[in-house]
file input_27.csv (CSV, C-alpha atoms)
chain,number,residue,atom,x,y,z
D,1,MET,CA,0.0,0.0,0.0
D,2,ALA,CA,2.9,2.4,0.7
D,3,TRP,CA,4.2,1.8,-2.8
D,4,LEU,CA,0.7,2.6,-4.2
D,5,GLU,CA,0.4,5.8,-2.1
D,6,SER,CA,3.9,6.9,-3.3
D,7,CYS,CA,2.9,6.4,-7.0
D,8,LEU,CA,-0.4,8.1,-6.6
D,9,ALA,CA,1.1,11.1,-4.8
D,10,GLN,CA,3.2,11.7,-7.9
D,11,VAL,CA,0.4,11.9,-10.4
D,12,THR,CA,-1.2,15.2,-11.3
D,13,PRO,CA,-4.6,16.4,-9.9
D,14,GLU,CA,-6.0,15.9,-13.4
D,15,VAL,CA,-5.1,12.2,-13.3
D,16,GLN,CA,-6.5,11.8,-9.8
D,17,ARG,CA,-9.8,13.4,-10.9
D,18,ALA,CA,-9.8,11.0,-13.9
D,19,ALA,CA,-9.5,8.0,-11.6
D,20,ILE,CA,-12.3,9.1,-9.4
D,21,HIS,CA,-14.3,10.0,-12.5
D,22,GLN,CA,-14.1,6.5,-13.8
D,23,ALA,CA,-15.4,5.1,-10.5
D,24,VAL,CA,-18.2,7.7,-10.0
D,25,GLN,CA,-19.7,7.1,-13.5
D,26,HIS,CA,-20.8,3.7,-12.3
D,27,LEU,CA,-22.4,4.9,-9.1
D,28,ASP,CA,-26.2,5.3,-8.9
D,29,ARG,CA,-27.7,8.2,-7.1
D,30,GLY,CA,-27.1,7.7,-3.4
D,31,GLY,CA,-24.3,5.1,-4.1
D,32,VAL,CA,-21.1,5.1,-2.1
D,33,LEU,CA,-17.5,5.1,-2.9
D,34,ALA,CA,-15.1,3.7,-0.3
D,35,ILE,CA,-11.5,4.8,-0.4
D,36,PRO,CA,-8.7,3.4,1.9
D,37,ALA,CA,-8.2,6.0,4.6
D,38,THR,CA,-4.5,6.2,3.7
D,39,LEU,CA,-5.5,7.4,0.2
D,40,ASP,CA,-8.1,9.9,1.3
D,41,ALA,CA,-5.6,12.8,1.2
D,42,ILE,CA,-5.0,12.1,-2.4
D,43,PHE,CA,-8.5,11.4,-3.7
D,44,GLY,CA,-10.7,13.3,-1.2
D,45,ALA,CA,-10.5,16.6,-3.0
D,46,ALA,CA,-11.4,15.0,-6.3
D,47,CYS,CA,-14.4,13.3,-4.7
D,48,ALA,CA,-15.6,16.7,-3.3
D,49,GLU,CA,-15.1,18.4,-6.7
D,50,LEU,CA,-17.3,15.8,-8.4
D,51,GLY,CA,-20.1,16.4,-5.8
D,52,LEU,CA,-19.6,13.4,-3.5
D,53,GLN,CA,-20.3,14.1,0.2
D,54,ARG,CA,-18.3,12.6,3.0
D,55,ASP,CA,-20.5,10.0,4.9
D,56,ALA,CA,-18.8,9.8,8.3
D,57,ASP,CA,-21.6,7.5,9.7
D,58,ALA,CA,-20.7,4.8,7.2
D,59,GLU,CA,-16.9,5.0,7.8
D,60,SER,CA,-14.6,2.8,9.7
D,61,GLY,CA,-11.0,3.6,10.6
D,62,ALA,CA,-9.8,1.9,7.5
D,63,VAL,CA,-11.8,3.6,4.8
D,64,ALA,CA,-13.2,7.0,3.9
D,65,VAL,CA,-16.7,6.8,2.5
D,66,TYR,CA,-18.2,9.3,0.0
D,67,ARG,CA,-21.8,9.2,-1.1
D,68,ARG,CA,-23.1,10.4,-4.4
D,69,GLY,CA,-25.9,13.0,-4.3
D,70,LYS,CA,-29.1,13.2,-6.4
D,71,ARG,CA,-27.7,15.6,-9.0
D,72,THR,CA,-28.0,14.4,-12.6
D,73,THR,CA,-24.6,13.9,-14.0
D,74,VAL,CA,-23.5,13.6,-17.6
D,75,HIS,CA,-23.1,9.9,-17.1
D,76,ASP,CA,-26.8,9.7,-16.1
D,77,LEU,CA,-27.7,11.5,-19.3
D,78,LEU,CA,-25.6,9.0,-21.3
D,79,TRP,CA,-27.0,5.9,-19.6
D,80,ASP,CA,-30.6,7.2,-19.9
D,81,ALA,CA,-30.0,7.9,-23.6
D,82,ARG,CA,-28.5,4.5,-24.3
D,83,ALA,CA,-31.4,2.8,-22.6
D,84,THR,CA,-33.7,4.1,-25.4
D,85,ILE,CA,-31.6,3.8,-28.5
D,86,ARG,CA,-30.0,1.2,-30.7
D,87,ARG,CA,-26.3,1.2,-31.6
D,88,VAL,CA,-24.3,-0.2,-34.4
D,89,ALA,CA,-20.7,-1.4,-34.6
D,90,ALA,CA,-18.2,-0.1,-37.2
D,91,ASP,CA,-18.0,-3.4,-39.2
D,92,ARG,CA,-21.8,-3.7,-39.3
D,93,LEU,CA,-22.2,-0.1,-40.5
D,94,ALA,CA,-19.6,-0.7,-43.2
D,95,ALA,CA,-21.6,-3.7,-44.5
D,96,GLU,CA,-24.8,-1.7,-44.4
D,97,LEU,CA,-23.3,1.2,-46.4
D,98,SER,CA,-22.6,-1.3,-49.2
D,99,SER,CA,-26.2,-2.6,-49.1
D,100,ASP,CA,-29.2,-1.7,-51.3
D,101,ARG,CA,-30.6,0.6,-48.6
D,102,PRO,CA,-27.7,2.2,-46.9
D,103,PRO,CA,-28.4,4.4,-43.8
D,104,VAL,CA,-27.6,8.1,-43.9
D,105,VAL,CA,-24.6,8.7,-41.7
D,106,VAL,CA,-25.0,12.0,-39.9
D,107,ASP,CA,-21.6,13.4,-38.8
D,108,THR,CA,-22.1,15.8,-35.8
D,109,ARG,CA,-18.5,16.6,-35.2
D,110,THR,CA,-16.8,20.0,-35.4
D,111,HIS,CA,-15.0,21.2,-38.5
D,112,THR,CA,-11.7,20.8,-36.6
D,113,ASP,CA,-12.3,17.2,-35.7
D,114,ARG,CA,-13.5,16.4,-39.3
D,115,ASP,CA,-10.3,18.0,-40.7
D,116,ARG,CA,-8.1,16.2,-38.2
D,117,MET,CA,-9.6,12.7,-38.5
D,118,GLY,CA,-11.4,12.6,-41.8
D,119,VAL,CA,-15.0,11.7,-42.6
D,120,ILE,CA,-16.9,8.5,-43.4
D,121,PRO,CA,-17.4,8.4,-47.2
D,122,GLY,CA,-21.0,9.5,-48.1
D,123,SER,CA,-21.8,10.9,-44.7
D,124,ILE,CA,-23.5,14.3,-44.3
D,125,HIS,CA,-22.3,17.0,-41.9
D,126,VAL,CA,-24.8,18.4,-39.4
D,127,PRO,CA,-23.0,19.9,-36.5
D,128,ARG,CA,-24.3,18.9,-33.1
D,129,THR,CA,-25.3,22.5,-32.3
D,130,VAL,CA,-27.8,22.6,-35.1
D,131,LEU,CA,-28.7,18.9,-35.4
D,132,GLU,CA,-32.4,19.1,-34.3
D,133,TRP,CA,-32.9,22.3,-36.3
D,134,HIS,CA,-31.6,20.8,-39.5
D,135,LEU,CA,-33.4,17.4,-39.3
D,136,ASP,CA,-36.8,18.4,-37.9
D,137,PRO,CA,-39.1,19.7,-40.8
D,138,ALA,CA,-41.0,21.7,-38.2
D,139,ASN,CA,-38.2,24.2,-38.3
D,140,GLY,CA,-38.8,25.0,-41.9
D,141,TYR,CA,-35.5,23.6,-43.0
D,142,ARG,CA,-34.4,20.0,-43.4
D,143,HIS,CA,-31.1,18.7,-44.7
D,144,PRO,CA,-31.9,17.5,-48.2
D,145,ALA,CA,-30.5,14.1,-47.5
D,146,VAL,CA,-33.0,13.5,-44.7
D,147,THR,CA,-36.3,12.6,-46.3
D,148,GLY,CA,-38.5,11.1,-43.6
D,149,PHE,CA,-38.9,10.0,-40.0
D,150,ASP,CA,-38.5,6.3,-40.8
D,151,GLN,CA,-35.3,6.8,-42.9
D,152,PRO,CA,-32.4,4.8,-41.5
D,153,LEU,CA,-30.0,7.2,-39.8
D,154,VAL,CA,-26.7,6.6,-38.0
D,155,VAL,CA,-25.3,9.5,-35.9
D,156,VAL,CA,-21.5,9.6,-35.4
D,157,CYS,CA,-19.1,11.7,-33.3
D,158,ASN,CA,-15.5,11.2,-32.4
D,159,GLY,CA,-15.8,8.5,-29.7
D,160,GLY,CA,-19.5,7.4,-29.5
D,161,TYR,CA,-20.6,9.5,-26.5
D,162,SER,CA,-22.3,12.7,-27.7
D,163,SER,CA,-23.7,10.7,-30.6
D,164,SER,CA,-25.7,8.6,-28.1
D,165,LEU,CA,-27.3,11.8,-26.7
D,166,ALA,CA,-27.9,13.1,-30.2
D,167,ALA,CA,-29.6,9.9,-31.3
D,168,ALA,CA,-31.9,9.9,-28.3
D,169,SER,CA,-32.8,13.5,-29.0
D,170,LEU,CA,-33.7,12.6,-32.6
D,171,GLN,CA,-35.9,9.8,-31.3
D,172,GLN,CA,-37.7,12.3,-29.2
D,173,LEU,CA,-38.4,14.3,-32.3
D,174,GLY,CA,-40.1,11.3,-33.9
D,175,PHE,CA,-37.3,9.6,-35.9
D,176,THR,CA,-38.0,5.9,-35.6
D,177,ASN,CA,-34.9,4.3,-37.2
D,178,VAL,CA,-32.0,6.2,-35.7
D,179,ARG,CA,-28.8,4.6,-34.2
D,180,ASP,CA,-25.4,5.8,-33.2
D,181,LEU,CA,-21.9,4.4,-34.0
D,182,ILE,CA,-20.3,2.5,-31.2
D,183,GLY,CA,-16.8,4.1,-30.6
D,184,GLY,CA,-17.4,6.8,-33.2
D,185,VAL,CA,-15.1,7.6,-36.0
D,186,ARG,CA,-12.2,6.4,-33.9
D,187,ALA,CA,-13.6,2.9,-33.9
D,188,TRP,CA,-14.4,3.2,-37.6
D,189,THR,CA,-10.7,4.0,-38.5
D,190,GLN,CA,-9.3,1.5,-36.0
D,191,HIS,CA,-11.3,-1.3,-37.8
D,192,GLY,CA,-9.6,-0.3,-41.0
D,193,HIS,CA,-12.5,1.4,-42.7
D,194,PRO,CA,-11.7,4.4,-45.0
D,195,VAL,CA,-12.1,8.1,-44.4
D,196,HIS,CA,-12.1,11.0,-46.9
D,197,ALA,CA,-11.2,14.6,-46.6
D,198,PRO,CA,-14.2,16.7,-45.5
D,199,ASP,CA,-16.1,19.1,-47.7
D,200,HIS,CA,-17.7,22.0,-45.7
D,201,ALA,CA,-19.0,23.9,-48.7
D,202,HIS,CA,-22.6,23.2,-47.9
D,203,LEU,CA,-22.3,25.3,-44.7
D,204,ASP,CA,-21.8,28.4,-46.8
D,205,LEU,CA,-25.1,28.0,-48.7

call {"tool": "encode", "arguments": {"input": "input_27.csv", "output": "structure tokens"}}
result
Amino acid sequence: MAWLESCLAQVTPEVQRAAIHQAVQHLDRGGVLAIPATLDAIFGAACAELGLQRDADAESGAVAVYRRGKRTTVHDLLWDARATIRRVAADRLAAELSSDRPPVVVDTRTHTDRDRMGVIPGSIHVPRTVLEWHLDPANGYRHPAVTGFDQPLVVVCNGGYSSSLAAASLQQLGFTNVRDLIGGVRAWTQHGHPVHAPDHAHLDL
């Protein structure tokens, strides 16, 4: 344990927060996180920053206990979204794009990320900030590639997180055949599928 304490003491506060972040994302509201008392000085501040409250009544001399409050976290939003949507793996999407009825791939990433990582061939660019506005016909403008609420759509982002939230939002608008790409464009390229240079000309129209 002394060796572990020594190692942890040398990592940056950002890494300490990341370690607690990984644990907290799996806690339900009211759930508890127990930390060896000898490590509390290292991780206690990170727990407090993430909104966990010290629960002295549940502690023993050997552990420090932190309890998660009722606040909705970004992890709750993600899990709630994924409970309502379907997801597709990169290899499956590649096969579907070669089929007779390929889905429309909706790339919600920023210009910078698209320039840096490339784009899935045939995908359309609808930035996350205007996704609902550019797909719902109630707004008076719909992206010309999106023709109906039952059209197969696959939402993609960099890593497959914000795309889950986006897909759930589109379902709320009435889209019945929307999924998101597991692992995002990173997973797409890691599986050896091609990317092209982006074209942002349509945004100037």

call {"tool": "closest_atom_pairs", "arguments": {"input": "input_27.csv", "of": "stretch 116-174 of chain D", "to": "stretch 183-200 of chain D", "cutoff": "7 Å", "atoms": "all atoms listed in the file", "output": "Markdown table"}}
result
| residue | atom | partner | partner_atom | distance |
| --- | --- | --- | --- | --- |
| D:Gly118 | CA | D:Ala197 | CA | 5.2 |
| D:Val119 | CA | D:Val195 | CA | 5.0 |
| D:Ile120 | CA | D:Val195 | CA | 4.9 |
| D:Pro121 | CA | D:His196 | CA | 5.9 |
| D:Val156 | CA | D:Gly184 | CA | 5.4 |
| D:Cys157 | CA | D:Gly184 | CA | 5.2 |
| D:Asn158 | CA | D:Gly184 | CA | 4.9 |
| D:Gly159 | CA | D:Gly184 | CA | 4.2 |
| D:Gly160 | CA | D:Gly184 | CA | 4.3 |

call {"tool": "closest_atom_pairs", "arguments": {"input": "input_27.csv", "of": "stretch 145-197 of chain D", "to": "stretch 79-96 of chain D", "cutoff": "6 Å", "atoms": "all atoms listed in the file", "output": "tab-separated table"}}
result
residue	atom	partner	partner_atom	distance
D:Leu165	CA	D:Ala81	CA	5.7
D:Ala168	CA	D:Ala81	CA	5.4
D:Arg179	CA	D:Arg87	CA	5.0
D:Asp180	CA	D:Arg87	CA	5.0
D:Leu181	CA	D:Val88	CA	5.2
D:Ile182	CA	D:Ala89	CA	5.2
D:Trp188	CA	D:Ala90	CA	5.0

call {"tool": "atom_distance", "arguments": {"input": "input_27.csv", "atom1": "atom CA of D:Val146", "atom2": "atom CA of D:Thr110"}}
result
19.8 Å

call {"tool": "atom_distance", "arguments": {"input": "input_27.csv", "atom1": "atom CA of D:Gln25", "atom2": "atom CA of D:Gln10"}}
result
24.0 Å

call {"tool": "residues_around", "arguments": {"input": "input_27.csv", "residues": "D:Asp136", "least_positions_apart": "4", "cutoff": "12 Å", "atoms": "all atoms listed in the file", "output": "PyMOL selection string"}}
result
chain D and resi 130-132+140-144+146-149+169-175

call {"tool": "closest_residue", "arguments": {"input": "input_27.csv", "among": "D:Val65, D:Leu78, D:Leu135, D:Val24", "to": "D:Asp40", "atoms": "all atoms listed in the file"}}
result
D:Val65

call {"tool": "atom_distance", "arguments": {"input": "input_27.csv", "atom1": "atom CA of D:Ile42", "atom2": "atom CA of D:Lys70"}}
result
24.5 Å

call {"tool": "residues_around", "arguments": {"input": "input_27.csv", "residues": "D:Asp28", "least_positions_apart": "2", "cutoff": "9 Å", "atoms": "only C-alpha atoms", "output": "PDB file with C-alpha atoms, in the frame of the given file"}}
result
ATOM      1  CA  VAL D  24     -18.200   7.700 -10.000  1.00  0.00           C
ATOM      2  CA  GLN D  25     -19.700   7.100 -13.500  1.00  0.00           C
ATOM      3  CA  HIS D  26     -20.800   3.700 -12.300  1.00  0.00           C
ATOM      4  CA  GLY D  30     -27.100   7.700  -3.400  1.00  0.00           C
ATOM      5  CA  GLY D  31     -24.300   5.100  -4.100  1.00  0.00           C
ATOM      6  CA  VAL D  32     -21.100   5.100  -2.100  1.00  0.00           C
ATOM      7  CA  ARG D  68     -23.100  10.400  -4.400  1.00  0.00           C
ATOM      8  CA  GLY D  69     -25.900  13.000  -4.300  1.00  0.00           C
ATOM      9  CA  LYS D  70     -29.100  13.200  -6.400  1.00  0.00           C
ATOM     10  CA  ASP D  76     -26.800   9.700 -16.100  1.00  0.00           C
TER      11      ASP D  76
END

call {"tool": "residues_around", "arguments": {"input": "input_27.csv", "residues": "D:His125", "least_positions_apart": "3", "cutoff": "8 Å", "atoms": "only C-alpha atoms", "output": "JSON, numbers by chain"}}
result
{"D": [106, 107, 108, 109, 200]}

call {"tool": "decode", "arguments": {"input": "input_27.csv", "residues": "stretch 34-66 of chain D", "atoms": "N, CA and C atoms", "output": "tab-separated table (two decimals), in the first residue's frame"}}
result
chain	number	residue	atom	x	y	z
D	34	ALA	N	-15.96	3.85	-1.46
D	34	ALA	CA	-15.08	3.67	-0.30
D	34	ALA	C	-13.63	3.75	-0.75
D	35	ILE	N	-12.87	4.57	-0.05
D	35	ILE	CA	-11.46	4.77	-0.37
D	35	ILE	C	-10.64	4.41	0.86
D	36	PRO	N	-9.55	3.66	0.69
D	36	PRO	CA	-8.70	3.41	1.85
D	36	PRO	C	-8.32	4.72	2.53
D	37	ALA	N	-8.42	4.75	3.83
D	37	ALA	CA	-8.18	5.99	4.56
D	37	ALA	C	-6.81	6.58	4.26
D	38	THR	N	-5.85	5.72	3.98
D	38	THR	CA	-4.51	6.21	3.69
D	38	THR	C	-4.43	6.95	2.36
D	39	LEU	N	-5.44	6.76	1.48
D	39	LEU	CA	-5.45	7.43	0.19
D	39	LEU	C	-6.41	8.60	0.15
D	40	ASP	N	-7.09	8.86	1.25
D	40	ASP	CA	-8.10	9.91	1.27
D	40	ASP	C	-7.50	11.28	1.00
D	41	ALA	N	-6.27	11.50	1.47
D	41	ALA	CA	-5.64	12.79	1.23
D	41	ALA	C	-5.40	13.03	-0.25
D	42	ILE	N	-5.24	11.95	-1.01
D	42	ILE	CA	-4.99	12.08	-2.44
D	42	ILE	C	-6.29	12.24	-3.21
D	43	PHE	N	-7.31	11.43	-2.87
D	43	PHE	CA	-8.52	11.40	-3.67
D	43	PHE	C	-9.68	12.19	-3.07
D	44	GLY	N	-9.57	12.60	-1.83
D	44	GLY	CA	-10.69	13.29	-1.18
D	44	GLY	C	-11.11	14.56	-1.90
D	45	ALA	N	-10.14	15.36	-2.33
D	45	ALA	CA	-10.47	16.61	-3.02
D	45	ALA	C	-11.18	16.34	-4.34
D	46	ALA	N	-10.76	15.30	-5.06
D	46	ALA	CA	-11.40	14.96	-6.32
D	46	ALA	C	-12.83	14.51	-6.09
D	47	CYS	N	-13.07	13.76	-5.02
D	47	CYS	CA	-14.43	13.34	-4.68
D	47	CYS	C	-15.32	14.55	-4.42
D	48	ALA	N	-14.81	15.49	-3.65
D	48	ALA	CA	-15.59	16.68	-3.33
D	48	ALA	C	-15.89	17.49	-4.59
D	49	GLU	N	-14.90	17.59	-5.48
D	49	GLU	CA	-15.08	18.37	-6.71
D	49	GLU	C	-16.17	17.76	-7.59
D	50	LEU	N	-16.32	16.43	-7.55
D	50	LEU	CA	-17.33	15.76	-8.35
D	50	LEU	C	-18.67	15.67	-7.64
D	51	GLY	N	-18.78	16.32	-6.49
D	51	GLY	CA	-20.06	16.42	-5.81
D	51	GLY	C	-20.36	15.31	-4.83
D	52	LEU	N	-19.39	14.47	-4.51
D	52	LEU	CA	-19.62	13.42	-3.51
D	52	LEU	C	-19.47	14.01	-2.11
D	53	GLN	N	-20.34	13.57	-1.22
D	53	GLN	CA	-20.32	14.07	0.15
D	53	GLN	C	-19.73	13.02	1.09
D	54	ARG	N	-18.91	13.47	2.00
D	54	ARG	CA	-18.32	12.58	3.00
D	54	ARG	C	-19.42	12.02	3.89
D	55	ASP	N	-19.45	10.69	4.06
D	55	ASP	CA	-20.46	10.03	4.89
D	55	ASP	C	-19.76	9.42	6.10
D	56	ALA	N	-19.58	10.25	7.12
D	56	ALA	CA	-18.83	9.82	8.30
D	56	ALA	C	-19.52	8.66	9.03
D	57	ASP	N	-20.85	8.60	8.96
D	57	ASP	CA	-21.58	7.54	9.68
D	57	ASP	C	-21.29	6.17	9.09
D	58	ALA	N	-20.90	6.12	7.83
D	58	ALA	CA	-20.65	4.83	7.18
D	58	ALA	C	-19.18	4.43	7.21
D	59	GLU	N	-18.36	5.26	7.79
D	59	GLU	CA	-16.93	5.01	7.75
D	59	GLU	C	-16.45	4.12	8.90
D	60	SER	N	-15.33	3.50	8.64
D	60	SER	CA	-14.58	2.83	9.71
D	60	SER	C	-13.21	3.49	9.71
D	61	GLY	N	-12.36	3.05	10.57
D	61	GLY	CA	-11.03	3.63	10.61
D	61	GLY	C	-10.21	3.34	9.38
D	62	ALA	N	-10.58	2.28	8.66
D	62	ALA	CA	-9.77	1.85	7.53
D	62	ALA	C	-10.15	2.51	6.22
D	63	VAL	N	-11.39	3.01	6.12
D	63	VAL	CA	-11.85	3.57	4.85
D	63	VAL	C	-12.53	4.91	5.05
D	64	ALA	N	-12.43	5.74	4.02
D	64	ALA	CA	-13.21	6.98	3.94
D	64	ALA	C	-14.33	6.72	2.94
D	65	VAL	N	-15.54	7.13	3.31
D	65	VAL	CA	-16.71	6.83	2.48
D	65	VAL	C	-17.30	8.13	1.95
D	66	TYR	N	-17.53	8.16	0.63
D	66	TYR	CA	-18.16	9.30	-0.02
D	66	TYR	C	-19.44	8.82	-0.69
